[in-house]
$ cat input.csv   # CSV, C-alpha atoms
chain,number,residue,atom,x,y,z
A,1,MET,CA,0.0,0.0,0.0
A,2,ASP,CA,1.5,3.3,-1.0
A,3,ARG,CA,1.4,6.6,1.0
A,4,THR,CA,-1.5,8.0,-1.1
A,5,GLU,CA,-3.7,5.0,-0.4
A,6,ILE,CA,-2.9,5.2,3.4
A,7,GLU,CA,-3.7,8.9,3.4
A,8,SER,CA,-7.1,8.4,1.7
A,9,LYS,CA,-8.0,5.5,3.9
A,10,LEU,CA,-7.1,7.5,7.0
A,11,THR,CA,-9.1,10.5,5.8
A,12,ASP,CA,-12.1,8.2,5.4
A,13,LEU,CA,-11.7,6.9,8.9
A,14,LEU,CA,-11.4,10.4,10.3
A,15,VAL,CA,-14.6,11.4,8.5
A,16,ASP,CA,-16.6,8.2,9.2
A,17,GLU,CA,-15.4,7.3,12.7
A,18,LEU,CA,-14.8,10.7,14.3
A,19,GLY,CA,-17.1,12.9,12.3
A,20,ILE,CA,-14.4,15.3,11.1
A,21,GLU,CA,-15.1,17.6,8.1
A,22,ARG,CA,-13.1,16.3,5.1
A,23,ASP,CA,-12.0,19.8,4.1
A,24,ASP,CA,-10.3,20.3,7.5
A,25,ILE,CA,-8.0,17.3,7.1
A,26,THR,CA,-4.5,18.2,6.1
A,27,GLN,CA,-1.2,16.5,6.7
A,28,GLU,CA,-0.2,19.2,9.2
A,29,ALA,CA,-3.5,19.3,11.0
A,30,LYS,CA,-3.1,18.5,14.8
A,31,PHE,CA,-5.7,16.1,16.1
A,32,GLU,CA,-6.4,17.8,19.4
A,33,GLU,CA,-5.8,21.5,18.4
A,34,ASP,CA,-7.0,21.7,14.8
A,35,LEU,CA,-9.5,18.9,14.4
A,36,ASP,CA,-11.0,19.1,17.9
A,37,VAL,CA,-10.5,15.4,18.6
A,38,ASP,CA,-10.2,14.8,22.3
A,39,SER,CA,-7.5,12.5,23.8
A,40,LEU,CA,-9.9,9.5,23.8
A,41,GLY,CA,-10.7,10.3,20.2
A,42,VAL,CA,-7.0,9.9,19.3
A,43,VAL,CA,-7.0,6.5,21.1
A,44,GLU,CA,-10.1,5.5,19.1
A,45,LEU,CA,-8.5,6.6,15.9
A,46,LEU,CA,-5.4,4.5,16.6
A,47,MET,CA,-7.7,1.5,17.3
A,48,ALA,CA,-9.4,2.1,14.0
A,49,LEU,CA,-6.0,2.2,12.3
A,50,GLU,CA,-5.0,-1.1,13.9
A,51,ASP,CA,-8.3,-2.8,12.8
A,52,ASN,CA,-8.3,-1.3,9.3
A,53,PHE,CA,-4.6,-1.7,8.4
A,54,GLY,CA,-4.0,-4.8,10.4
A,55,VAL,CA,-1.0,-3.3,12.2
A,56,LYS,CA,-0.2,-3.2,15.9
A,57,ILE,CA,0.6,0.2,17.4
A,58,PRO,CA,2.3,0.0,20.8
A,59,ASP,CA,1.1,2.5,23.5
A,60,GLU,CA,4.4,4.3,23.6
A,61,GLU,CA,4.4,4.9,19.8
A,62,ALA,CA,0.8,5.9,19.9
A,63,GLU,CA,1.5,8.7,22.4
A,64,GLN,CA,3.9,10.4,19.9
A,65,ILE,CA,1.2,10.9,17.3
A,66,THR,CA,-0.2,14.5,17.2
A,67,THR,CA,-0.8,15.2,13.5
A,68,VAL,CA,-2.5,13.5,10.6
A,69,GLY,CA,0.9,13.2,8.8
A,70,GLU,CA,2.5,11.5,11.8
A,71,ALA,CA,-0.3,8.9,11.8
A,72,VAL,CA,0.3,8.2,8.1
A,73,ASP,CA,4.0,7.9,8.7
A,74,LEU,CA,3.4,5.5,11.5
A,75,VAL,CA,1.1,3.3,9.5
A,76,GLU,CA,3.5,3.4,6.5
A,77,ALA,CA,6.4,2.4,8.7
A,78,LYS,CA,4.4,-0.5,10.2
A,79,LEU,CA,3.2,-1.8,6.9
A,80,ASN,CA,6.5,-1.6,5.1
A,81,GLY,CA,8.8,-2.2,8.1
B,1,MET,CA,-32.4,-5.9,23.2
B,2,SER,CA,-30.1,-8.9,23.5
B,3,ARG,CA,-26.5,-8.1,24.3
B,4,VAL,CA,-23.3,-10.1,24.9
B,5,ALA,CA,-22.6,-10.2,28.6
B,6,LEU,CA,-19.5,-11.4,30.5
B,7,VAL,CA,-19.9,-12.2,34.2
B,8,THR,CA,-16.6,-12.8,36.1
B,9,GLY,CA,-16.9,-15.2,38.9
B,10,GLY,CA,-20.2,-16.3,37.4
B,11,SER,CA,-20.2,-19.9,38.6
B,12,ARG,CA,-21.3,-19.4,42.2
B,13,GLY,CA,-23.1,-17.1,44.6
B,14,ILE,CA,-24.0,-13.6,43.5
B,15,GLY,CA,-22.2,-14.1,40.1
B,16,ARG,CA,-24.3,-17.2,39.4
B,17,ALA,CA,-27.5,-15.3,40.1
B,18,ILE,CA,-26.3,-12.4,37.9
B,19,ALA,CA,-25.6,-14.8,35.0
B,20,LEU,CA,-29.0,-16.4,35.3
B,21,ARG,CA,-30.7,-13.0,35.5
B,22,LEU,CA,-29.0,-11.6,32.5
B,23,ALA,CA,-29.8,-14.7,30.5
B,24,SER,CA,-33.5,-14.5,31.5
B,25,ASP,CA,-33.5,-10.8,30.4
B,26,GLY,CA,-32.5,-12.1,27.0
B,27,HIS,CA,-28.8,-11.6,27.0
B,28,VAL,CA,-26.1,-14.0,25.7
B,29,VAL,CA,-23.9,-14.8,28.7
B,30,ALA,CA,-20.3,-15.8,29.1
B,31,VAL,CA,-19.8,-17.4,32.6
B,32,ASN,CA,-16.3,-16.9,33.8
B,33,TYR,CA,-14.9,-19.1,36.5
B,34,ALA,CA,-11.5,-19.6,38.2
B,35,ALA,CA,-11.4,-23.3,39.1
B,36,ASN,CA,-14.9,-24.8,39.5
B,37,SER,CA,-15.7,-25.9,36.0
B,38,ALA,CA,-18.5,-28.1,37.1
B,39,ALA,CA,-20.3,-25.2,38.8
B,40,ALA,CA,-19.9,-23.0,35.7
B,41,ASP,CA,-21.2,-25.8,33.5
B,42,ASP,CA,-24.2,-26.1,35.7
B,43,VAL,CA,-25.0,-22.4,35.2
B,44,VAL,CA,-24.6,-22.8,31.5
B,45,GLU,CA,-26.8,-25.8,31.4
B,46,GLU,CA,-29.5,-24.0,33.4
B,47,ILE,CA,-29.4,-21.1,31.0
B,48,VAL,CA,-29.5,-23.3,27.9
B,49,ALA,CA,-32.4,-25.4,29.4
B,50,ALA,CA,-34.4,-22.3,29.8
B,51,GLY,CA,-33.9,-21.5,26.1
B,52,GLY,CA,-30.9,-19.0,26.5
B,53,THR,CA,-27.4,-19.0,25.2
B,54,ALA,CA,-24.3,-19.2,27.4
B,55,ILE,CA,-20.8,-20.5,27.5
B,56,ALA,CA,-18.3,-21.1,30.4
B,57,VAL,CA,-14.9,-19.6,30.1
B,58,GLN,CA,-12.0,-20.3,32.6
B,59,ALA,CA,-9.6,-17.5,33.6
B,60,ASP,CA,-7.8,-16.1,36.6
B,61,VAL,CA,-9.2,-12.6,36.2
B,62,GLY,CA,-6.3,-11.1,38.1
B,63,ASP,CA,-3.8,-12.3,35.5
B,64,THR,CA,-3.1,-10.1,32.4
B,65,ASP,CA,-2.6,-12.8,29.9
B,66,ALA,CA,-5.5,-14.9,31.1
B,67,VAL,CA,-7.8,-12.0,30.8
B,68,SER,CA,-6.7,-11.3,27.2
B,69,ALA,CA,-7.2,-15.0,26.3
B,70,MET,CA,-10.7,-14.9,28.0
B,71,PHE,CA,-11.8,-11.9,25.9
B,72,GLU,CA,-10.5,-13.6,22.7
B,73,THR,CA,-12.5,-16.7,23.4
B,74,VAL,CA,-15.7,-14.8,24.3
B,75,GLU,CA,-15.3,-12.5,21.2
B,76,ASP,CA,-14.7,-15.5,18.9
B,77,ARG,CA,-17.6,-17.5,20.2
B,78,LEU,CA,-20.2,-14.9,21.1
B,79,GLY,CA,-19.1,-11.5,19.7
B,80,LYS,CA,-17.9,-8.4,21.4
B,81,VAL,CA,-18.6,-8.0,25.1
B,82,GLU,CA,-21.3,-5.3,25.5
B,83,VAL,CA,-22.1,-5.8,29.1
B,84,LEU,CA,-19.3,-6.5,31.5
B,85,VAL,CA,-20.1,-7.5,35.0
B,86,ASN,CA,-17.0,-7.5,37.3
B,87,ASN,CA,-18.1,-9.8,40.0
B,88,ALA,CA,-15.2,-12.1,40.8
B,89,GLY,CA,-14.1,-11.6,44.4
B,90,ILE,CA,-12.4,-13.4,47.3
B,91,THR,CA,-11.9,-12.8,51.0
B,92,ARG,CA,-8.8,-13.4,53.1
B,93,ASP,CA,-10.1,-11.9,56.3
B,94,ASP,CA,-7.8,-11.2,59.2
B,95,LEU,CA,-7.0,-8.4,61.6
B,96,LEU,CA,-4.5,-6.0,60.0
B,97,MET,CA,-1.8,-6.9,62.5
B,98,ARG,CA,-2.1,-10.5,61.4
B,99,MET,CA,-2.6,-9.8,57.7
B,100,GLY,CA,0.5,-10.8,55.7
B,101,PRO,CA,1.4,-9.2,52.3
B,102,GLU,CA,0.1,-12.3,50.5
B,103,ALA,CA,-3.4,-12.0,51.9
B,104,TRP,CA,-3.3,-8.3,50.9
B,105,ASP,CA,-2.0,-8.9,47.3
B,106,GLU,CA,-4.3,-11.9,46.6
B,107,VAL,CA,-7.4,-9.9,47.4
B,108,ILE,CA,-6.3,-6.8,45.6
B,109,GLU,CA,-5.4,-8.8,42.5
B,110,THR,CA,-8.5,-10.8,42.3
B,111,ASN,CA,-11.0,-8.1,43.4
B,112,LEU,CA,-9.5,-4.9,42.0
B,113,ARG,CA,-6.8,-5.6,39.4
B,114,SER,CA,-9.3,-7.8,37.7
B,115,VAL,CA,-11.7,-4.8,37.3
B,116,TYR,CA,-8.9,-2.8,35.7
B,117,LEU,CA,-7.9,-5.6,33.4
B,118,CYS,CA,-11.4,-6.7,32.3
B,119,SER,CA,-12.8,-3.1,31.9
B,120,ARG,CA,-9.8,-2.2,29.7
B,121,ALA,CA,-10.2,-5.3,27.6
B,122,ALA,CA,-13.9,-4.7,27.2
B,123,MET,CA,-13.6,-1.0,26.4
B,124,ARG,CA,-12.1,-1.5,23.0
B,125,GLY,CA,-15.2,-3.1,21.6
B,126,MET,CA,-17.5,-0.8,23.5
B,127,LEU,CA,-15.8,2.3,22.1
B,128,ARG,CA,-16.1,1.1,18.6
B,129,SER,CA,-19.8,0.3,18.9
B,130,ARG,CA,-20.5,3.4,21.0
B,131,TRP,CA,-22.5,1.4,23.5
B,132,GLY,CA,-21.4,-0.4,26.7
B,133,ARG,CA,-22.2,-1.2,30.2
B,134,ILE,CA,-19.6,-1.9,32.9
B,135,ILE,CA,-21.1,-3.0,36.2
B,136,SER,CA,-18.9,-3.9,39.1
B,137,VAL,CA,-19.9,-5.6,42.3
B,138,SER,CA,-18.5,-3.8,45.3
B,139,SER,CA,-19.6,-4.3,48.9
B,140,ILE,CA,-21.0,-2.4,51.8
B,141,SER,CA,-17.6,-3.2,53.4
B,142,GLY,CA,-16.0,-0.8,50.9
B,143,ILE,CA,-18.3,2.0,52.0
B,144,SER,CA,-18.6,1.5,55.8
B,145,GLY,CA,-15.5,-0.6,56.4
B,146,ASN,CA,-15.5,-3.8,58.3
B,147,PRO,CA,-13.0,-5.1,61.0
B,148,GLY,CA,-11.0,-8.0,59.7
B,149,GLN,CA,-11.5,-6.9,56.1
B,150,ALA,CA,-9.0,-4.2,55.5
B,151,ASN,CA,-7.8,-5.8,52.2
B,152,TYR,CA,-11.3,-6.7,51.0
B,153,ALA,CA,-12.8,-3.3,51.9
B,154,ALA,CA,-9.8,-1.5,50.2
B,155,SER,CA,-10.4,-3.5,47.0
B,156,LYS,CA,-14.2,-2.8,47.1
B,157,ALA,CA,-13.7,0.9,47.8
B,158,GLY,CA,-11.2,1.0,45.0
B,159,ILE,CA,-13.8,-0.3,42.6
B,160,ILE,CA,-16.0,2.7,43.4
B,161,GLY,CA,-13.3,5.3,42.7
B,162,PHE,CA,-12.2,3.4,39.6
B,163,SER,CA,-15.8,3.3,38.3
B,164,LYS,CA,-16.4,7.0,38.9
B,165,SER,CA,-13.2,7.9,37.0
B,166,ILE,CA,-14.0,5.7,34.0
B,167,ALA,CA,-17.6,6.9,33.9
B,168,ARG,CA,-16.2,10.4,33.3
B,169,GLU,CA,-13.7,9.1,30.8
B,170,ILE,CA,-16.0,7.3,28.5
B,171,GLY,CA,-19.5,8.7,29.2
B,172,SER,CA,-19.3,10.7,25.9
B,173,ARG,CA,-19.2,7.4,24.1
B,174,ASN,CA,-22.4,6.1,25.5
B,175,ILE,CA,-20.8,3.7,27.9
B,176,THR,CA,-22.1,3.7,31.5
B,177,VAL,CA,-20.1,2.5,34.4
B,178,ASN,CA,-21.8,1.7,37.7
B,179,VAL,CA,-21.4,-0.2,40.9
B,180,VAL,CA,-23.7,-2.4,42.9
B,181,ALA,CA,-22.7,-2.7,46.6
B,182,PRO,CA,-24.4,-5.7,48.3
B,183,GLY,CA,-24.8,-5.9,52.0
B,184,PHE,CA,-24.8,-9.3,53.7
B,185,ILE,CA,-26.0,-11.8,51.1
B,186,GLU,CA,-26.6,-15.6,51.7
B,187,THR,CA,-23.7,-17.2,49.7
B,188,ASP,CA,-20.9,-19.7,50.3
B,189,MET,CA,-18.7,-16.6,51.0
B,190,THR,CA,-20.8,-15.5,54.0
B,191,GLU,CA,-21.8,-18.9,55.1
B,192,GLY,CA,-18.3,-19.5,56.5
B,193,LEU,CA,-18.9,-16.6,59.0
B,194,GLY,CA,-21.4,-18.7,61.1
B,195,THR,CA,-25.0,-18.2,62.1
B,196,GLU,CA,-24.2,-16.0,65.1
B,197,ILE,CA,-22.7,-13.2,62.9
B,198,ALA,CA,-25.5,-13.7,60.3
B,199,ASP,CA,-28.2,-13.3,62.9
B,200,GLU,CA,-26.5,-10.2,64.3
B,201,VAL,CA,-26.1,-8.6,60.9
B,202,ALA,CA,-29.7,-9.5,59.9
B,203,SER,CA,-31.0,-7.8,63.1
B,204,ARG,CA,-29.1,-4.6,62.2
B,205,ALA,CA,-30.6,-4.4,58.7
B,206,ALA,CA,-33.8,-2.3,58.4
B,207,LEU,CA,-35.5,-5.1,56.6
B,208,GLY,CA,-34.4,-7.6,59.4
B,209,ARG,CA,-33.0,-10.3,57.2
B,210,LEU,CA,-30.1,-11.2,55.0
B,211,GLY,CA,-30.2,-10.6,51.2
B,212,ARG,CA,-30.5,-13.2,48.5
B,213,PRO,CA,-28.2,-13.4,45.4
B,214,GLU,CA,-31.2,-12.8,43.1
B,215,GLU,CA,-31.8,-9.4,44.8
B,216,ILE,CA,-28.3,-8.3,43.8
B,217,ALA,CA,-28.8,-9.7,40.3
B,218,ALA,CA,-31.9,-7.7,39.9
B,219,ALA,CA,-30.0,-4.5,40.5
B,220,VAL,CA,-27.4,-5.6,38.0
B,221,GLY,CA,-30.1,-6.5,35.5
B,222,TYR,CA,-31.5,-3.0,35.9
B,223,LEU,CA,-28.2,-1.3,35.3
B,224,ALA,CA,-27.6,-3.4,32.2
B,225,SER,CA,-31.1,-2.6,30.8
B,226,ASP,CA,-32.1,0.3,28.6
B,227,ASP,CA,-34.0,1.7,31.5
B,228,ALA,CA,-30.7,2.7,33.1
B,229,ALA,CA,-29.4,4.5,30.0
B,230,TYR,CA,-29.0,7.8,32.0
B,231,VAL,CA,-27.4,6.3,35.1
B,232,THR,CA,-23.6,6.4,35.3
B,233,GLY,CA,-20.9,6.7,38.0
B,234,GLN,CA,-23.3,5.5,40.6
B,235,THR,CA,-23.1,3.0,43.5
B,236,LEU,CA,-26.4,1.3,44.1
B,237,VAL,CA,-26.4,-0.1,47.7
B,238,VAL,CA,-28.5,-3.2,48.0
B,239,ASP,CA,-28.2,-4.1,51.7
B,240,GLY,CA,-31.7,-4.2,53.2
B,241,GLY,CA,-31.0,-1.0,55.0
B,242,LEU,CA,-27.9,-2.1,56.8
B,243,ALA,CA,-25.8,1.0,56.4
B,244,LEU,CA,-28.2,3.9,56.8
$ encode --input "input.csv" --output "structure tokens"
Amino acid sequence: MDRTEIESKLTDLLVDELGIERDDITQEAKFEEDLDVDSLGVVELLMALEDNFGVKIPDEEAEQITTVGEAVDLVEAKLNG
Amino acid sequence: MSRVALVTGGSRGIGRAIALRLASDGHVVAVNYAANSAAADDVVEEIVAAGGTAIAVQADVGDTDAVSAMFETVEDRLGKVEVLVNNAGITRDDLLMRMGPEAWDEVIETNLRSVYLCSRAAMRGMLRSRWGRIISVSSISGISGNPGQANYAASKAGIIGFSKSIAREIGSRNITVNVVAPGFIETDMTEGLGTEIADEVASRAALGRLGRPEEIAAAVGYLASDDAAYVTGQTLVVDGGLAL
């Protein structure tokens, strides 16, 4: 799966699971500050990523994620690493 | 509405009554047990004979890996746990001055660590489906204290603080977290205390008698039902008016 595919799937998850406006989603957008996702919402997003991409994200790595781009990086690294 | 319910310590006493009650309310029930598989099988048979669905699942609920394995089994066989009843509990009563670290650790592990482990494991599915009920069985000992039960009372009070915190954490996801605090209920656990103590406690209760496991199960059934949709972070004391 290439980066574009991961991005588009992640965007769908953000829209469908967390009710975020598609237009607000950029690579630089911060979940808590820009997208109004609370800390539990970030946890939920990571669970959705695990389920949808079939990857395992350890808690200590999950804590580092603050932006959409970082989430894509993490999934990409997990899938290709 | 039929839900998938998991009752820890569901083979005997209050847990058994809860499992039977949830099944008769139409829920599919996983009956967890620690060691007594025959007792758990009896509960399952009784549920199935009455037209319900149930399975027995062994696990030491104070053990991290055992809890993970238990949830995997339940989810594979019944689906995601929607109603979790943290009921498993033990006593190792003694005066504090005679209570060794083992008696402390064992009780905290089985009664309180289990609540943390099972709630955490159940929460994933509940968050995804935006619906869940976590109901934990505490005790009047955890509210009023009881001599000889420092470990047990601490674990049971811990359940209340834990539940209030989690209720706040996940309320926005339509998951309620509540506690039922039984008084003196006629079970194997209390039978060991002898009739003298039982009579004395019964006389102190406003209703003048001990409680039955079914009376605790009824409170759990209510908290699991749609009628309790707006109740969270609460401790429902079911003690016949013992601690007023």
$ closest_residue --input "input.csv" --among "B:Arg173, B:Arg3, B:Lys80, B:Arg212" --to "B:Arg130" --atoms "all atoms listed in the file"
B:Arg173
$ residues_around --input "input.csv" --residues "stretch 40-53 of chain A" --least-positions-apart "3" --cutoff "9 Å" --atoms "only C-alpha atoms" --output "list of chain:residue names"
A:Ile6, A:Lys9, A:Leu10, A:Leu13, A:Leu14, A:Glu17, A:Leu18, A:Phe31, A:Glu32, A:Val37, A:Lys56, A:Ile57, A:Ala62, A:Glu63, A:Ile65, A:Thr66, A:Ala71, A:Val75, A:Leu79, B:Arg124, B:Leu127, B:Arg128, B:Glu169, B:Ile170
$ atom_distance --input "input.csv" --atom1 "atom CA of B:Asn87" --atom2 "atom CA of B:Ala181"
10.7 Å
$ residues_around --input "input.csv" --residues "B:Gly10" --least-positions-apart "4" --cutoff "7 Å" --atoms "only C-alpha atoms" --output "PyMOL selection string"
chain B and resi 15-16+19+31-33+40
$ residues_around --input "input.csv" --residues "stretch 185-201 of chain B" --least-positions-apart "4" --cutoff "10 Å" --atoms "all atoms listed in the file" --output "list in words"
Arg12, Gly13, Ile14, Gly89, Ile90, Thr91, Ala205, Gly208, Arg209, Leu210, Gly211, Arg212, Pro213, Glu214, Glu215, Ile216, Val238, Asp239, Gly240 and Leu242 of chain B
$ atom_distance --input "input.csv" --atom1 "atom CA of B:Gly183" --atom2 "atom CA of B:Lys164"
20.2 Å
$ residues_near_point --input "input.csv" --point "(-16.4, 4.1, 35.7)" --cutoff "9 Å" --atoms "all atoms listed in the file" --output "PyMOL selection string"
chain B and resi 119+134-135+159-171+175-179+232-234
$ closest_residue --input "input.csv" --among "A:Thr26, A:Glu33, A:Asp73, A:Asp16" --to "chain B" --atoms "all atoms listed in the file"
A:Asp16
$ closest_residue --input "input.csv" --among "B:Leu117, B:Leu236, B:Val107, B:Ala228" --to "B:Asp65" --atoms "only C-alpha atoms"
B:Leu117
$ closest_residue --input "input.csv" --among "B:Gln149, B:Ser37, B:Asn174, B:Thr235" --to "B:Leu223" --atoms "only C-alpha atoms"
B:Thr235
$ residues_around --input "input.csv" --residues "B:Thr73" --least-positions-apart "6" --cutoff "12 Å" --atoms "all atoms listed in the file" --output "CSV table (one decimal) with C-alpha atoms, in the coordinates of the input"
chain,number,residue,atom,x,y,z
B,6,LEU,CA,-19.5,-11.4,30.5
B,30,ALA,CA,-20.3,-15.8,29.1
B,31,VAL,CA,-19.8,-17.4,32.6
B,32,ASN,CA,-16.3,-16.9,33.8
B,55,ILE,CA,-20.8,-20.5,27.5
B,56,ALA,CA,-18.3,-21.1,30.4
B,57,VAL,CA,-14.9,-19.6,30.1
B,58,GLN,CA,-12.0,-20.3,32.6
B,59,ALA,CA,-9.6,-17.5,33.6
B,66,ALA,CA,-5.5,-14.9,31.1
B,67,VAL,CA,-7.8,-12.0,30.8
B,79,GLY,CA,-19.1,-11.5,19.7
B,80,LYS,CA,-17.9,-8.4,21.4
B,81,VAL,CA,-18.6,-8.0,25.1
$ closest_residue --input "input.csv" --among "B:Leu244, B:Met123, B:Gly158, B:Asn151" --to "chain A" --atoms "only C-alpha atoms"
B:Met123
$ atom_distance --input "input.csv" --atom1 "atom CA of B:Ile47" --atom2 "atom CA of B:Val4"
14.0 Å
$ closest_residue --input "input.csv" --among "A:Thr67, A:Pro58, A:Asp12, A:Met1" --to "A:Lys30" --atoms "all atoms listed in the file"
A:Thr67
$ decode --input "input.csv" --residues "stretch 63-75 of chain A" --atoms "N, CA, C and O atoms" --output "PDB file, in the first residue's frame"
ATOM      1  N   GLU A  63       1.488   7.386  21.699  1.00  0.00           N
ATOM      2  CA  GLU A  63       1.546   8.658  22.428  1.00  0.00           C
ATOM      3  C   GLU A  63       2.259   9.754  21.642  1.00  0.00           C
ATOM      4  O   GLU A  63       2.056  10.936  21.904  1.00  0.00           O
ATOM      5  N   GLN A  64       3.112   9.364  20.682  1.00  0.00           N
ATOM      6  CA  GLN A  64       3.889  10.352  19.924  1.00  0.00           C
ATOM      7  C   GLN A  64       3.055  11.035  18.826  1.00  0.00           C
ATOM      8  O   GLN A  64       3.459  12.054  18.288  1.00  0.00           O
ATOM      9  N   ILE A  65       1.914  10.456  18.500  1.00  0.00           N
ATOM     10  CA  ILE A  65       1.153  10.942  17.348  1.00  0.00           C
ATOM     11  C   ILE A  65       0.349  12.195  17.684  1.00  0.00           C
ATOM     12  O   ILE A  65      -0.509  12.168  18.566  1.00  0.00           O
ATOM     13  N   THR A  66       0.639  13.299  16.976  1.00  0.00           N
ATOM     14  CA  THR A  66      -0.167  14.503  17.202  1.00  0.00           C
ATOM     15  C   THR A  66      -0.809  15.027  15.918  1.00  0.00           C
ATOM     16  O   THR A  66      -1.815  15.710  15.975  1.00  0.00           O
ATOM     17  N   THR A  67      -0.233  14.699  14.760  1.00  0.00           N
ATOM     18  CA  THR A  67      -0.794  15.213  13.509  1.00  0.00           C
ATOM     19  C   THR A  67      -1.233  14.076  12.578  1.00  0.00           C
ATOM     20  O   THR A  67      -0.826  12.931  12.748  1.00  0.00           O
ATOM     21  N   VAL A  68      -2.035  14.443  11.592  1.00  0.00           N
ATOM     22  CA  VAL A  68      -2.495  13.480  10.588  1.00  0.00           C
ATOM     23  C   VAL A  68      -1.298  12.852   9.863  1.00  0.00           C
ATOM     24  O   VAL A  68      -1.221  11.637   9.692  1.00  0.00           O
ATOM     25  N   GLY A  69      -0.338  13.715   9.497  1.00  0.00           N
ATOM     26  CA  GLY A  69       0.852  13.243   8.779  1.00  0.00           C
ATOM     27  C   GLY A  69       1.629  12.212   9.583  1.00  0.00           C
ATOM     28  O   GLY A  69       2.112  11.213   9.043  1.00  0.00           O
ATOM     29  N   GLU A  70       1.728  12.455  10.897  1.00  0.00           N
ATOM     30  CA  GLU A  70       2.463  11.511  11.753  1.00  0.00           C
ATOM     31  C   GLU A  70       1.756  10.154  11.818  1.00  0.00           C
ATOM     32  O   GLU A  70       2.410   9.109  11.892  1.00  0.00           O
ATOM     33  N   ALA A  71       0.429  10.205  11.797  1.00  0.00           N
ATOM     34  CA  ALA A  71      -0.328   8.948  11.812  1.00  0.00           C
ATOM     35  C   ALA A  71      -0.073   8.165  10.523  1.00  0.00           C
ATOM     36  O   ALA A  71       0.103   6.944  10.537  1.00  0.00           O
ATOM     37  N   VAL A  72      -0.022   8.893   9.397  1.00  0.00           N
ATOM     38  CA  VAL A  72       0.263   8.245   8.111  1.00  0.00           C
ATOM     39  C   VAL A  72       1.675   7.641   8.134  1.00  0.00           C
ATOM     40  O   VAL A  72       1.873   6.495   7.738  1.00  0.00           O
ATOM     41  N   ASP A  73       2.637   8.438   8.641  1.00  0.00           N
ATOM     42  CA  ASP A  73       4.029   7.947   8.742  1.00  0.00           C
ATOM     43  C   ASP A  73       4.090   6.639   9.519  1.00  0.00           C
ATOM     44  O   ASP A  73       4.772   5.697   9.115  1.00  0.00           O
ATOM     45  N   LEU A  74       3.368   6.626  10.643  1.00  0.00           N
ATOM     46  CA  LEU A  74       3.421   5.459  11.529  1.00  0.00           C
ATOM     47  C   LEU A  74       2.854   4.220  10.837  1.00  0.00           C
ATOM     48  O   LEU A  74       3.456   3.142  10.862  1.00  0.00           O
ATOM     49  N   VAL A  75       1.695   4.398  10.190  1.00  0.00           N
ATOM     50  CA  VAL A  75       1.081   3.266   9.495  1.00  0.00           C
ATOM     51  C   VAL A  75       1.991   2.790   8.364  1.00  0.00           C
ATOM     52  O   VAL A  75       2.210   1.584   8.179  1.00  0.00           O
TER      53      VAL A  75
END
